[in-house]
Every structure is written in C-alpha cells, then in structure tokens.
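One file, run_1.pdb, is given below (PDB, C-alpha atoms).
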ATOM      1  CA  MET A   1     -17.363 -29.151  -3.988
ATOM      2  CA  ALA A   2     -16.813 -26.074  -1.843
ATOM      3  CA  LYS A   3     -16.103 -22.833  -3.636
ATOM      4  CA  PRO A   4     -12.548 -21.507  -3.219
ATOM      5  CA  THR A   5     -12.111 -18.747  -0.702
ATOM      6  CA  GLU A   6     -10.848 -15.309  -1.663
ATOM      7  CA  GLU A   7      -7.456 -16.196  -0.188
ATOM      8  CA  GLN A   8      -7.298 -19.385  -2.254
ATOM      9  CA  LYS A   9      -8.190 -17.387  -5.377
ATOM     10  CA  ARG A  10      -5.432 -14.906  -4.553
ATOM     11  CA  GLN A  11      -2.874 -17.691  -4.062
ATOM     12  CA  ARG A  12      -3.844 -19.283  -7.371
ATOM     13  CA  ALA A  13      -3.502 -15.929  -9.116
ATOM     14  CA  VAL A  14      -0.012 -15.537  -7.615
ATOM     15  CA  LYS A  15       0.976 -18.997  -8.861
ATOM     16  CA  ARG A  16      -0.317 -18.219 -12.344
ATOM     17  CA  ALA A  17       1.654 -14.975 -12.388
ATOM     18  CA  LEU A  18       4.827 -16.798 -11.327
ATOM     19  CA  ARG A  19       4.354 -19.463 -14.003
ATOM     20  CA  SER A  20       3.818 -16.761 -16.605
ATOM     21  CA  ALA A  21       7.000 -14.986 -15.463
ATOM     22  CA  LEU A  22       8.990 -18.226 -15.726
ATOM     23  CA  ASP A  23       7.632 -18.865 -19.227
ATOM     24  CA  ALA A  24       8.537 -15.300 -20.210
ATOM     25  CA  GLU A  25      12.106 -15.812 -18.956
ATOM     26  CA  ALA A  26      12.437 -19.028 -20.966
ATOM     27  CA  ASP A  27      11.117 -17.370 -24.128
ATOM     28  CA  ASP A  28      13.378 -14.357 -23.612
ATOM     29  CA  LEU A  29      16.457 -16.574 -23.224
ATOM     30  CA  ARG A  30      15.465 -18.552 -26.298
ATOM     31  CA  ARG A  31      14.985 -15.366 -28.318
ATOM     32  CA  ARG A  32      18.340 -13.910 -27.257
ATOM     33  CA  GLU A  33      20.171 -17.148 -28.052
ATOM     34  CA  TRP A  34      18.585 -17.170 -31.524
ATOM     35  CA  ASP A  35      19.552 -13.528 -32.081
ATOM     36  CA  GLU A  36      23.151 -14.371 -31.197
ATOM     37  CA  ARG A  37      23.044 -17.241 -33.661
ATOM     38  CA  TRP A  38      21.762 -14.903 -36.370
ATOM     39  CA  LYS A  39      24.692 -12.565 -35.689
ATOM     40  CA  ARG A  40      27.252 -15.391 -35.778
ATOM     41  CA  GLU A  41      25.888 -16.941 -38.947
ATOM     42  CA  GLY A  42      24.959 -13.735 -40.782
ATOM     43  CA  THR A  43      21.337 -14.844 -41.138
ATOM     44  CA  ARG A  44      19.847 -11.409 -41.714
ATOM     45  CA  LEU A  45      19.636 -10.238 -45.316
ATOM     46  CA  SER A  46      21.018  -6.896 -46.412
ATOM     47  CA  TRP A  47      18.909  -4.653 -48.615
ATOM     48  CA  ALA A  48      21.055  -5.652 -51.585
ATOM     49  CA  ASP A  49      20.530  -9.367 -50.783
ATOM     50  CA  TYR A  50      16.797  -8.816 -50.515
ATOM     51  CA  MET A  51      16.598  -6.919 -53.805
ATOM     52  CA  ALA A  52      18.646  -9.661 -55.481
ATOM     53  CA  GLY A  53      15.906 -12.149 -54.541
ATOM     54  CA  GLU A  54      17.820 -14.215 -51.987
ATOM     55  CA  PRO A  55      15.553 -16.567 -49.991
ATOM     56  CA  CYS A  56      15.025 -16.348 -46.245
ATOM     57  CA  ARG A  57      18.126 -17.673 -44.478
ATOM     58  CA  GLY A  58      15.973 -18.907 -41.607
ATOM     59  CA  CYS A  59      13.635 -21.290 -43.449
ATOM     60  CA  GLY A  60      14.840 -21.279 -47.068
ATOM     61  CA  GLU A  61      11.505 -20.053 -48.420
ATOM     62  CA  PRO A  62      11.368 -17.034 -50.762
ATOM     63  CA  MET A  63      11.112 -13.752 -48.905
ATOM     64  CA  GLN A  64       8.217 -12.924 -51.222
ATOM     65  CA  ASP A  65       6.710 -14.973 -54.022
ATOM     66  CA  GLY A  66       4.916 -12.255 -56.011
ATOM     67  CA  LEU A  67       1.648 -14.222 -56.054
ATOM     68  CA  GLY A  68      -0.341 -11.455 -54.390
ATOM     69  CA  ASP A  69      -2.046 -11.408 -50.992
ATOM     70  CA  TRP A  70      -4.536 -14.102 -50.018
ATOM     71  CA  TYR A  71      -8.151 -13.021 -50.287
ATOM     72  CA  PRO A  72     -10.362 -13.498 -47.198
ATOM     73  CA  LEU A  73     -11.075 -17.193 -46.706
ATOM     74  CA  MET A  74     -14.785 -16.836 -47.515
ATOM     75  CA  LYS A  75     -13.898 -15.394 -50.928
ATOM     76  CA  LEU A  76     -11.542 -18.214 -51.943
ATOM     77  CA  SER A  77     -12.562 -20.885 -54.390
ATOM     78  CA  GLU A  78     -12.495 -24.524 -53.303
ATOM     79  CA  SER A  79      -9.157 -25.114 -54.995
ATOM     80  CA  GLU A  80      -7.718 -21.939 -53.426
ATOM     81  CA  LYS A  81      -8.956 -23.054 -50.003
ATOM     82  CA  ARG A  82      -7.157 -26.365 -50.424
ATOM     83  CA  GLU A  83      -4.004 -24.518 -51.494
ATOM     84  CA  TYR A  84      -4.348 -22.215 -48.485
ATOM     85  CA  GLU A  85      -4.761 -25.128 -46.050
ATOM     86  CA  GLU A  86      -1.841 -27.017 -47.578
ATOM     87  CA  ALA A  87       0.378 -23.934 -47.168
ATOM     88  CA  ASN A  88      -0.743 -23.627 -43.551
ATOM     89  CA  GLN A  89      -0.006 -27.295 -42.918
ATOM     90  CA  ARG A  90       3.490 -26.985 -44.389
ATOM     91  CA  PHE A  91       4.137 -23.964 -42.190
ATOM     92  CA  ARG A  92       2.970 -25.808 -39.056
ATOM     93  CA  GLU A  93       5.204 -28.767 -39.891
ATOM     94  CA  ARG A  94       8.263 -26.566 -40.469
ATOM     95  CA  HIS A  95       7.756 -24.513 -37.309
ATOM     96  CA  ALA A  96       6.003 -26.907 -34.938
ATOM     97  CA  ASP A  97       8.202 -26.000 -31.961
ATOM     98  CA  CYS A  98       8.901 -22.331 -32.681
ATOM     99  CA  ARG A  99       5.975 -20.850 -30.689
ATOM    100  CA  GLY A 100       6.350 -17.620 -32.661
ATOM    101  CA  GLY A 101       3.970 -15.497 -34.663
ATOM    102  CA  ARG A 102       3.843 -15.264 -38.425
ATOM    103  CA  TRP A 103       4.745 -12.523 -40.849
ATOM    104  CA  SER A 104       4.581 -12.028 -44.577
ATOM    105  CA  ILE A 105       5.336  -9.313 -47.091
ATOM    106  CA  SER A 106       2.591  -7.419 -48.876
ATOM    107  CA  GLY A 107       1.914  -8.934 -52.282
ATOM    108  CA  SER A 108       3.198 -12.352 -51.227
ATOM    109  CA  ARG A 109       1.534 -15.535 -49.979
ATOM    110  CA  VAL A 110       4.541 -17.210 -48.410
ATOM    111  CA  THR A 111       4.458 -17.051 -44.591
ATOM    112  CA  HIS A 112       7.506 -16.736 -42.350
ATOM    113  CA  CYS A 113       8.037 -17.584 -38.695
ATOM    114  CA  GLY A 114       8.407 -14.768 -36.186
ATOM    115  CA  PHE A 115      10.953 -16.802 -34.221
ATOM    116  CA  CYS A 116      13.403 -18.346 -36.680
ATOM    117  CA  CYS A 117      12.978 -16.136 -39.762
ATOM    118  CA  PRO A 118      14.703 -12.723 -39.551
ATOM    119  CA  PRO A 119      12.432  -9.892 -40.680
ATOM    120  CA  PRO A 120      13.095  -8.302 -44.072
ATOM    121  CA  PRO A 121      15.566  -5.401 -44.121
ATOM    122  CA  MET A 122      14.315  -1.835 -44.243
ATOM    123  CA  GLY A 123      14.664  -0.064 -47.555
ATOM    124  CA  PRO A 124      15.818   3.514 -48.171
ATOM    125  CA  LYS A 125      12.241   4.839 -48.319
ATOM    126  CA  GLN A 126      11.365   3.229 -44.985
ATOM    127  CA  MET A 127      14.501   4.693 -43.437
ATOM    128  CA  GLU A 128      13.577   8.149 -44.706
ATOM    129  CA  LYS A 129      10.027   7.794 -43.387
ATOM    130  CA  LEU A 130      11.305   6.752 -39.957
ATOM    131  CA  ALA A 131      13.769   9.634 -39.905
ATOM    132  CA  ARG A 132      10.945  12.108 -40.593
ATOM    133  CA  LEU A 133       8.806  10.483 -37.922
ATOM    134  CA  PHE A 134      11.564  10.663 -35.312
ATOM    135  CA  SER A 135      12.303  14.290 -36.147
ATOM    136  CA  SER A 136       8.633  15.175 -35.536
ATOM    137  CA  TRP A 137       8.635  13.745 -32.022
ATOM    138  CA  PRO A 138       8.941  16.140 -29.067
ATOM    139  CA  SER A 139      12.371  16.553 -27.528
ATOM    140  CA  ARG A 140      13.368  14.413 -24.574
ATOM    141  CA  GLU A 141      12.931  17.370 -22.236
ATOM    142  CA  GLU A 142       9.447  18.100 -23.580
ATOM    143  CA  SER A 143       8.329  14.469 -23.313
ATOM    144  CA  LYS A 144       9.368  14.106 -19.669
ATOM    145  CA  LYS A 145       6.103  15.627 -18.446
ATOM    146  CA  ASP A 146       4.175  12.753 -20.067
ATOM    147  CA  LEU A 147       6.172   9.924 -18.486
ATOM    148  CA  ASP A 148       5.169   7.853 -15.480
ATOM    149  CA  THR A 149       7.168   5.479 -13.314
ATOM    150  CA  TRP A 150       5.868   1.970 -12.650
ATOM    151  CA  ASP A 151       7.115  -0.491 -10.053
ATOM    152  CA  LEU A 152       7.697  -3.949 -11.504
ATOM    153  CA  THR A 153       7.796  -6.858  -9.063
ATOM    154  CA  LEU A 154       9.980  -9.591 -10.524
ATOM    155  CA  ARG A 155      10.011 -13.325 -10.019
ATOM    156  CA  CYS A 156      12.978 -12.922  -7.688
ATOM    157  CA  ASP A 157      10.822 -10.577  -5.483
ATOM    158  CA  HIS A 158      12.989  -7.574  -6.337
ATOM    159  CA  VAL A 159      11.177  -4.383  -7.375
ATOM    160  CA  VAL A 160      12.578  -2.320 -10.262
ATOM    161  CA  PRO A 161      11.302   0.932 -11.814
ATOM    162  CA  GLN A 162      10.023   1.172 -15.373
ATOM    163  CA  ILE A 163       9.388   4.514 -17.116
ATOM    164  CA  GLN A 164       6.848   4.731 -19.934
ATOM    165  CA  HIS A 165       4.342   7.108 -21.494
ATOM    166  CA  ARG A 166       1.343   8.003 -19.373
ATOM    167  CA  GLU A 167      -1.170   6.944 -22.018
ATOM    168  CA  HIS A 168      -0.343   3.275 -21.401
ATOM    169  CA  SER A 169      -2.706   1.643 -18.924
ATOM    170  CA  HIS A 170      -0.420  -1.303 -18.196
ATOM    171  CA  VAL A 171       3.162  -2.509 -18.615
ATOM    172  CA  SER A 172       3.497  -4.925 -21.523
ATOM    173  CA  THR A 173       7.155  -5.718 -20.810
ATOM    174  CA  ARG A 174       7.412  -9.334 -19.686
ATOM    175  CA  VAL A 175      11.132  -9.618 -18.865
ATOM    176  CA  VAL A 176      13.614  -6.998 -17.609
ATOM    177  CA  ASP A 177      17.154  -6.854 -16.234
ATOM    178  CA  CYS A 178      17.275  -7.185 -12.446
ATOM    179  CA  PRO A 179      20.148  -5.068 -11.076
ATOM    180  CA  GLU A 180      20.104  -7.036  -7.806
ATOM    181  CA  CYS A 181      20.376 -10.503  -9.376
ATOM    182  CA  GLY A 182      22.301  -9.475 -12.469
ATOM    183  CA  GLU A 183      19.923 -11.644 -14.516
ATOM    184  CA  ARG A 184      16.922 -11.241 -16.785
ATOM    185  CA  ARG A 185      13.786 -11.843 -14.701
ATOM    186  CA  GLY A 186      10.104 -12.236 -15.536
ATOM    187  CA  VAL A 187       7.630  -9.573 -14.408
ATOM    188  CA  VAL A 188       5.069 -10.894 -11.920
ATOM    189  CA  SER A 189       3.100  -7.692 -11.297
ATOM    190  CA  SER A 190       3.242  -3.960 -11.954
ATOM    191  CA  GLU A 191       1.931  -0.846 -10.222
ATOM    192  CA  ARG A 192       1.836   2.740 -11.457
ATOM    193  CA  VAL A 193       3.710   5.037  -9.046
ATOM    194  CA  GLY A 194       3.223   8.469 -10.627
ATOM    195  CA  PRO A 195       5.111  11.098 -12.648
ATOM    196  CA  ALA A 196       8.653  10.040 -13.459
ATOM    197  CA  TYR A 197      10.061  13.602 -13.479
ATOM    198  CA  ARG A 198       9.619  16.728 -11.407
ATOM    199  CA  ASP A 199       8.604  20.067 -12.912
ATOM    200  CA  ASP A 200      12.259  21.059 -13.186
ATOM    201  CA  GLY A 201      12.987  17.985 -15.347
ATOM    202  CA  THR A 202      14.909  16.010 -12.724
ATOM    203  CA  ILE A 203      13.921  12.429 -12.070
ATOM    204  CA  HIS A 204      11.461  11.759  -9.280
ATOM    205  CA  GLU A 205      13.526   9.667  -6.885
ATOM    206  CA  ARG A 206      11.645   7.510  -4.421
ATOM    207  CA  SER A 207      11.998   8.802  -0.894
ATOM    208  CA  ALA A 208      13.793   6.774   1.745
ATOM    209  CA  ALA A 209      10.495   6.464   3.620
ATOM    210  CA  ASP A 210       8.818   4.961   0.554
ATOM    211  CA  ARG A 211      11.641   2.471   0.121
ATOM    212  CA  GLU A 212      11.418   1.452   3.768
ATOM    213  CA  ARG A 213       7.642   1.086   3.505
ATOM    214  CA  LEU A 214       7.946  -1.157   0.450
ATOM    215  CA  ALA A 215      10.577  -3.276   2.176
ATOM    216  CA  ARG A 216       8.304  -3.699   5.213
ATOM    217  CA  GLU A 217       5.320  -4.613   3.031
ATOM    218  CA  LEU A 218       7.387  -7.182   1.168
ATOM    219  CA  ALA A 219       8.672  -8.700   4.425
ATOM    220  CA  ASP A 220       5.126  -8.824   5.841
ATOM    221  CA  ALA A 221       3.805 -10.495   2.693
ATOM    222  CA  GLU A 222       6.576 -13.104   2.757
ATOM    223  CA  ALA A 223       5.965 -13.798   6.461
ATOM    224  CA  LYS A 224       2.215 -14.169   5.817
ATOM    225  CA  LEU A 225       2.868 -16.611   2.999
ATOM    226  CA  THR A 226       5.167 -18.665   5.244
ATOM    227  CA  ARG A 227       2.488 -18.825   7.957
ATOM    228  CA  GLN A 228      -0.123 -19.888   5.431
ATOM    229  CA  GLN A 229       2.131 -22.620   4.079
ATOM    230  CA  LYS A 230       2.779 -23.937   7.606
ATOM    231  CA  SER A 231      -0.946 -23.847   8.392
ATOM    232  CA  ALA A 232      -1.768 -25.724   5.197
ATOM    233  CA  ALA A 233       0.853 -28.363   6.015
ATOM    234  CA  ALA A 234      -0.591 -28.770   9.537
ATOM    235  CA  THR A 235      -4.092 -29.145   8.103
ATOM    236  CA  GLN A 236      -2.897 -31.802   5.683
ATOM    237  CA  ARG A 237      -1.255 -33.736   8.534
ATOM    238  CA  ARG A 238      -4.472 -33.546  10.574
ATOM    239  CA  ILE A 239      -6.519 -34.833   7.629
ATOM    240  CA  ALA A 240      -4.108 -37.750   7.262
ATOM    241  CA  GLU A 241      -4.405 -38.537  10.986
ATOM    242  CA  LEU A 242      -8.216 -38.514  10.839
ATOM    243  CA  GLN A 243      -8.175 -40.758   7.770
ATOM    244  CA  ASP A 244      -5.888 -43.192   9.617
ATOM    245  CA  GLU A 245      -8.214 -43.220  12.634
ATOM    246  CA  LEU A 246     -11.261 -43.887  10.463
ATOM    247  CA  GLY A 247      -9.402 -46.631   8.657
ATOM    248  CA  SER A 248      -8.375 -48.354  11.919
ATOM    249  CA  GLU A 249     -11.947 -48.240  13.291
ATOM    250  CA  SER A 250     -13.360 -49.869  10.200
TER     251      SER A 250
END

Take the structure I supplied and represent it as structure tokens, if you would.
Amino acid sequence: MAKPTEEQKRQRAVKRALRSALDAEADDLRRREWDERWKREGTRLSWADYMAGEPCRGCGEPMQDGLGDWYPLMKLSESEKREYEEANQRFRERHADCRGGRWSISGSRVTHCGFCCPPPPMGPKQMEKLARLFSSWPSREESKKDLDTWDLTLRCDHVVPQIQHREHSHVSTRVVDCPECGERRGVVSSERVGPAYRDDGTIHERSAADRERLARELADAEAKLTRQQKSAAATQRRIAELQDELGSES
C-alpha cells in the first residue's frame, strides 16, 4: 500500500480537527443543558445542606462516606481490592453514558460523576482563601502586559480572538461563542498573534490590512480545497471507467 502524501496527511488532520470540534460542540451543549436542569431543579447543595449530610442530588450517593481515602491499589488487601473493583463497577453502571470525569472528597471513598453530580459547595474557609488569593493578584492594568491574543479558527470558518496569559503555549478552550453565527462553535485551530495590549494599555486592534490578508488567505484555502475535491472526484470517475473497460475485455 502506497504511503499517504503530505497533502493527504494534511487533509486527514483537517478532518480530525473538524470531528473534534463537532464533538466539543455536542459536549458543550450537553453540559449547558444539564446546568440549566440543575438550576431548574435546585440540584446543587448549599453549604448548610452539605453540613447536614444530605446526599448528592445527582446520583443519590453520600457526598462523603467518612471511610477514608483508598490506599494505592498495590497496597490493598485482596478483600479491599475486590471492594474497590465492585465500587468501580457500580460507578460504571450508574454513569455508563455520562462521558465525564470523576471526583471525590478527601477522606471519602464514594466517587461522583463529573457530568451529572454537582460539585460540593465551597465552605467559608475556602471562600476566605480564594478572596486572599484574588486580592494578591496584580491589577487588571498591570496584568495587561502579560496577555497575548490568539486567533481561533472555528468550525464555521470564522476567526475570533482569544486573550490569555502569555505563559500558556496553547489554547485549551474547545468551544467559544461565534459573533458571526450567534452560536457556540468548536475550535478547529489556534494561532498566537502577539501582545493583546499596547504599551499605553489600549487593546491591540488588528489592522485593516491584516484583516484583508486573513480574508484572502481563507478564500484561497477554500478555493484550493474545492479544486482538490473536484480533482479527486474526476480521478474516482476515471478509475471507475478503467475498471469498466477491464471488465468488458475479460
């Protein structure tokens, strides 16, 4: 079998990125619908509810069972390993279609689903700790010098800016609001543009020339893809014709 060409590899990478963006959109919609359901049904526990020992309103399991954390698997006895596996099996059965992560509370062995189980409420000490942390952060004006703008290309082919701290080497955001479509769209690719703000603190707007250049590049890329698709279709037709001719001769 012939090795794929660089162009074929590129096309496959583009298809994978589009599939990933579509999956991200579906998961984002699912997550937002579940959040709305939590709001309607009052699924989240208050701090008072949590302290009173109310179970999780998502799965009905205790928020914490007081049995202590699990030891590493290699340090468990045979009976503890069986108990551990049985707990895992029950979790998988309860949340087979959730596709979410897991979370648990320190000092507890019960595991909750990251999709359908609301996280535990923050207590007064956590709130105080967060308040101190936020107060220690640099002011918005001071932090501007450390922010970069990235261009996110969305599944709809629109390009939107994303501002984040310079220390990040990539954009982890998978879905954003598209102002052109008015919908949430999956991110297909991202590219760092440069500093988000000028020295005087004003935002670094993209020049008209840059916008025109991006529009031309996008149009050229779309035209190239159309030509490639037509060429591939013509090649497929020619293969079919040759196969017909060989079949008639035999």

Next item on the list: Expand the PyMOL selection byres ((chain A and resi 151) around 8) into the individual residues it matches in the shown file, reporting them as an MDAnalysis selection string.
Entry: chainID A and resid 149:150 152:153 159:162 190:193

Write the selection just made, keeping C-alpha atoms, as a short mmCIF file (atom, residue, chain, number, x, y, z; two decimals), in the frame of the given file?
data_model
loop_
_atom_site.label_atom_id
_atom_site.label_comp_id
_atom_site.auth_asym_id
_atom_site.auth_seq_id
_atom_site.Cartn_x
_atom_site.Cartn_y
_atom_site.Cartn_z
CA THR A 149 7.17 5.48 -13.31
CA TRP A 150 5.87 1.97 -12.65
CA LEU A 152 7.70 -3.95 -11.50
CA THR A 153 7.80 -6.86 -9.06
CA VAL A 159 11.18 -4.38 -7.38
CA VAL A 160 12.58 -2.32 -10.26
CA PRO A 161 11.30 0.93 -11.81
CA GLN A 162 10.02 1.17 -15.37
CA SER A 190 3.24 -3.96 -11.95
CA GLU A 191 1.93 -0.85 -10.22
CA ARG A 192 1.84 2.74 -11.46
CA VAL A 193 3.71 5.04 -9.05
#

Notebook entry, point to check: In Å, how far is it from CA of Gln164 (chain A) to CA of Asp148 (chain A)?
Noted result: 5.7 Å

Checklist line | Among listed residues A:Val188, A:Lys230, A:Pro120, A:Pro179, nearest Pro55 (chain A) (using all atoms listed in the file) | finding: A:Pro120

Note to self: What's the separation between CA of Cys116 (chain A) and CA of Arg102 (chain A), in Å to one decimal place?
What the structure shows: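 Distance between the two atoms: 10.2 Å.
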
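Omitting Asp69 (chain A) and its sequence neighbours fewer than 3 positions away, and counting only C-alpha atoms, the residues within 7 Å are Ser106, Gly107, Ser108 and Arg109 of chain A.
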
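Across the model, the gap from CA of Arg31 (chain A) to CA of Gly53 (chain A) is 26.4 Å.
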
Using 12 Å as the limit and counting all atoms listed in the file, can you tabulate each residue of region 108-219 of chain A that touches region 26-30 of chain A, with its shortest atom-to-atom distance in Å and the two atoms involved, as CSV?
residue,atom,partner,partner_atom,distance
A:Phe115,CA,A:Arg30,CA,9.3
A:Cys116,CA,A:Arg30,CA,10.6
A:Thr173,CA,A:Asp28,CA,11.0
A:Arg174,CA,A:Asp28,CA,8.7
A:Val175,CA,A:Asp28,CA,7.1
A:Val176,CA,A:Asp28,CA,9.5
A:Asp177,CA,A:Asp28,CA,11.2
A:Glu183,CA,A:Leu29,CA,10.6
A:Arg184,CA,A:Asp28,CA,8.3
A:Arg185,CA,A:Asp28,CA,9.3
A:Gly186,CA,A:Asp28,CA,9.0
A:Val187,CA,A:Asp28,CA,11.9

Mind dumping the selected residues with C-alpha atoms as a PDB file, keeping the file's coordinate frame?
ATOM      1  CA  PHE A 115      10.953 -16.802 -34.221  1.00  0.00           C
ATOM      2  CA  CYS A 116      13.403 -18.346 -36.680  1.00  0.00           C
ATOM      3  CA  THR A 173       7.155  -5.718 -20.810  1.00  0.00           C
ATOM      4  CA  ARG A 174       7.412  -9.334 -19.686  1.00  0.00           C
ATOM      5  CA  VAL A 175      11.132  -9.618 -18.865  1.00  0.00           C
ATOM      6  CA  VAL A 176      13.614  -6.998 -17.609  1.00  0.00           C
ATOM      7  CA  ASP A 177      17.154  -6.854 -16.234  1.00  0.00           C
ATOM      8  CA  GLU A 183      19.923 -11.644 -14.516  1.00  0.00           C
ATOM      9  CA  ARG A 184      16.922 -11.241 -16.785  1.00  0.00           C
ATOM     10  CA  ARG A 185      13.786 -11.843 -14.701  1.00  0.00           C
ATOM     11  CA  GLY A 186      10.104 -12.236 -15.536  1.00  0.00           C
ATOM     12  CA  VAL A 187       7.630  -9.573 -14.408  1.00  0.00           C
TER      13      VAL A 187
END

Please write C-alpha atoms of region 35-87 of chain A, from the structure given just now, as a PDB file, in the first residue's frame.
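Saved as selection-v6.pdb:
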ATOM      1  CA  ASP A  35     -26.525  23.054  34.073  1.00  0.00           C
ATOM      2  CA  GLU A  36     -29.919  24.535  33.213  1.00  0.00           C
ATOM      3  CA  ARG A  37     -31.583  21.437  34.613  1.00  0.00           C
ATOM      4  CA  TRP A  38     -29.597  21.794  37.835  1.00  0.00           C
ATOM      5  CA  LYS A  39     -30.808  25.393  38.142  1.00  0.00           C
ATOM      6  CA  ARG A  40     -34.448  24.454  37.494  1.00  0.00           C
ATOM      7  CA  GLU A  41     -34.445  21.534  39.897  1.00  0.00           C
ATOM      8  CA  GLY A  42     -32.213  23.035  42.596  1.00  0.00           C
ATOM      9  CA  THR A  43     -29.745  20.152  42.329  1.00  0.00           C
ATOM     10  CA  ARG A  44     -26.776  21.928  43.873  1.00  0.00           C
ATOM     11  CA  LEU A  45     -26.402  21.641  47.637  1.00  0.00           C
ATOM     12  CA  SER A  46     -25.983  24.683  49.839  1.00  0.00           C
ATOM     13  CA  TRP A  47     -23.286  24.688  52.495  1.00  0.00           C
ATOM     14  CA  ALA A  48     -25.960  24.100  55.127  1.00  0.00           C
ATOM     15  CA  ASP A  49     -27.333  21.118  53.142  1.00  0.00           C
ATOM     16  CA  TYR A  50     -23.845  19.689  52.811  1.00  0.00           C
ATOM     17  CA  MET A  51     -23.073  20.082  56.514  1.00  0.00           C
ATOM     18  CA  ALA A  52     -26.414  18.454  57.357  1.00  0.00           C
ATOM     19  CA  GLY A  53     -25.258  15.334  55.484  1.00  0.00           C
ATOM     20  CA  GLU A  54     -27.658  15.476  52.539  1.00  0.00           C
ATOM     21  CA  PRO A  55     -26.715  13.036  49.745  1.00  0.00           C
ATOM     22  CA  CYS A  56     -25.730  14.087  46.240  1.00  0.00           C
ATOM     23  CA  ARG A  57     -28.847  15.197  44.357  1.00  0.00           C
ATOM     24  CA  GLY A  58     -27.327  13.975  41.102  1.00  0.00           C
ATOM     25  CA  CYS A  59     -26.774  10.291  41.918  1.00  0.00           C
ATOM     26  CA  GLY A  60     -28.201   9.815  45.423  1.00  0.00           C
ATOM     27  CA  GLU A  61     -24.889   8.633  46.865  1.00  0.00           C
ATOM     28  CA  PRO A  62     -23.485  10.242  50.037  1.00  0.00           C
ATOM     29  CA  MET A  63     -21.369  13.290  49.318  1.00  0.00           C
ATOM     30  CA  GLN A  64     -18.744  11.724  51.575  1.00  0.00           C
ATOM     31  CA  ASP A  65     -18.834   8.446  53.460  1.00  0.00           C
ATOM     32  CA  GLY A  66     -16.136   9.059  56.087  1.00  0.00           C
ATOM     33  CA  LEU A  67     -14.374   5.775  55.274  1.00  0.00           C
ATOM     34  CA  GLY A  68     -11.072   7.449  54.454  1.00  0.00           C
ATOM     35  CA  ASP A  69      -9.214   7.642  51.142  1.00  0.00           C
ATOM     36  CA  TRP A  70      -8.372   4.499  49.188  1.00  0.00           C
ATOM     37  CA  TYR A  71      -4.774   3.389  49.542  1.00  0.00           C
ATOM     38  CA  PRO A  72      -2.790   2.805  46.320  1.00  0.00           C
ATOM     39  CA  LEU A  73      -4.028  -0.354  44.621  1.00  0.00           C
ATOM     40  CA  MET A  74      -0.783  -2.257  45.246  1.00  0.00           C
ATOM     41  CA  LYS A  75      -1.181  -1.697  48.994  1.00  0.00           C
ATOM     42  CA  LEU A  76      -4.749  -3.022  49.209  1.00  0.00           C
ATOM     43  CA  SER A  77      -5.532  -6.433  50.595  1.00  0.00           C
ATOM     44  CA  GLU A  78      -7.337  -8.957  48.405  1.00  0.00           C
ATOM     45  CA  SER A  79     -10.670  -8.205  50.043  1.00  0.00           C
ATOM     46  CA  GLU A  80     -10.083  -4.445  49.676  1.00  0.00           C
ATOM     47  CA  LYS A  81      -9.217  -4.924  46.001  1.00  0.00           C
ATOM     48  CA  ARG A  82     -12.497  -6.748  45.459  1.00  0.00           C
ATOM     49  CA  GLU A  83     -14.348  -3.963  47.278  1.00  0.00           C
ATOM     50  CA  TYR A  84     -12.531  -1.384  45.151  1.00  0.00           C
ATOM     51  CA  GLU A  85     -13.403  -3.166  41.888  1.00  0.00           C
ATOM     52  CA  GLU A  86     -17.030  -3.615  42.925  1.00  0.00           C
ATOM     53  CA  ALA A  87     -17.284   0.122  43.678  1.00  0.00           C
TER      54      ALA A  87
END
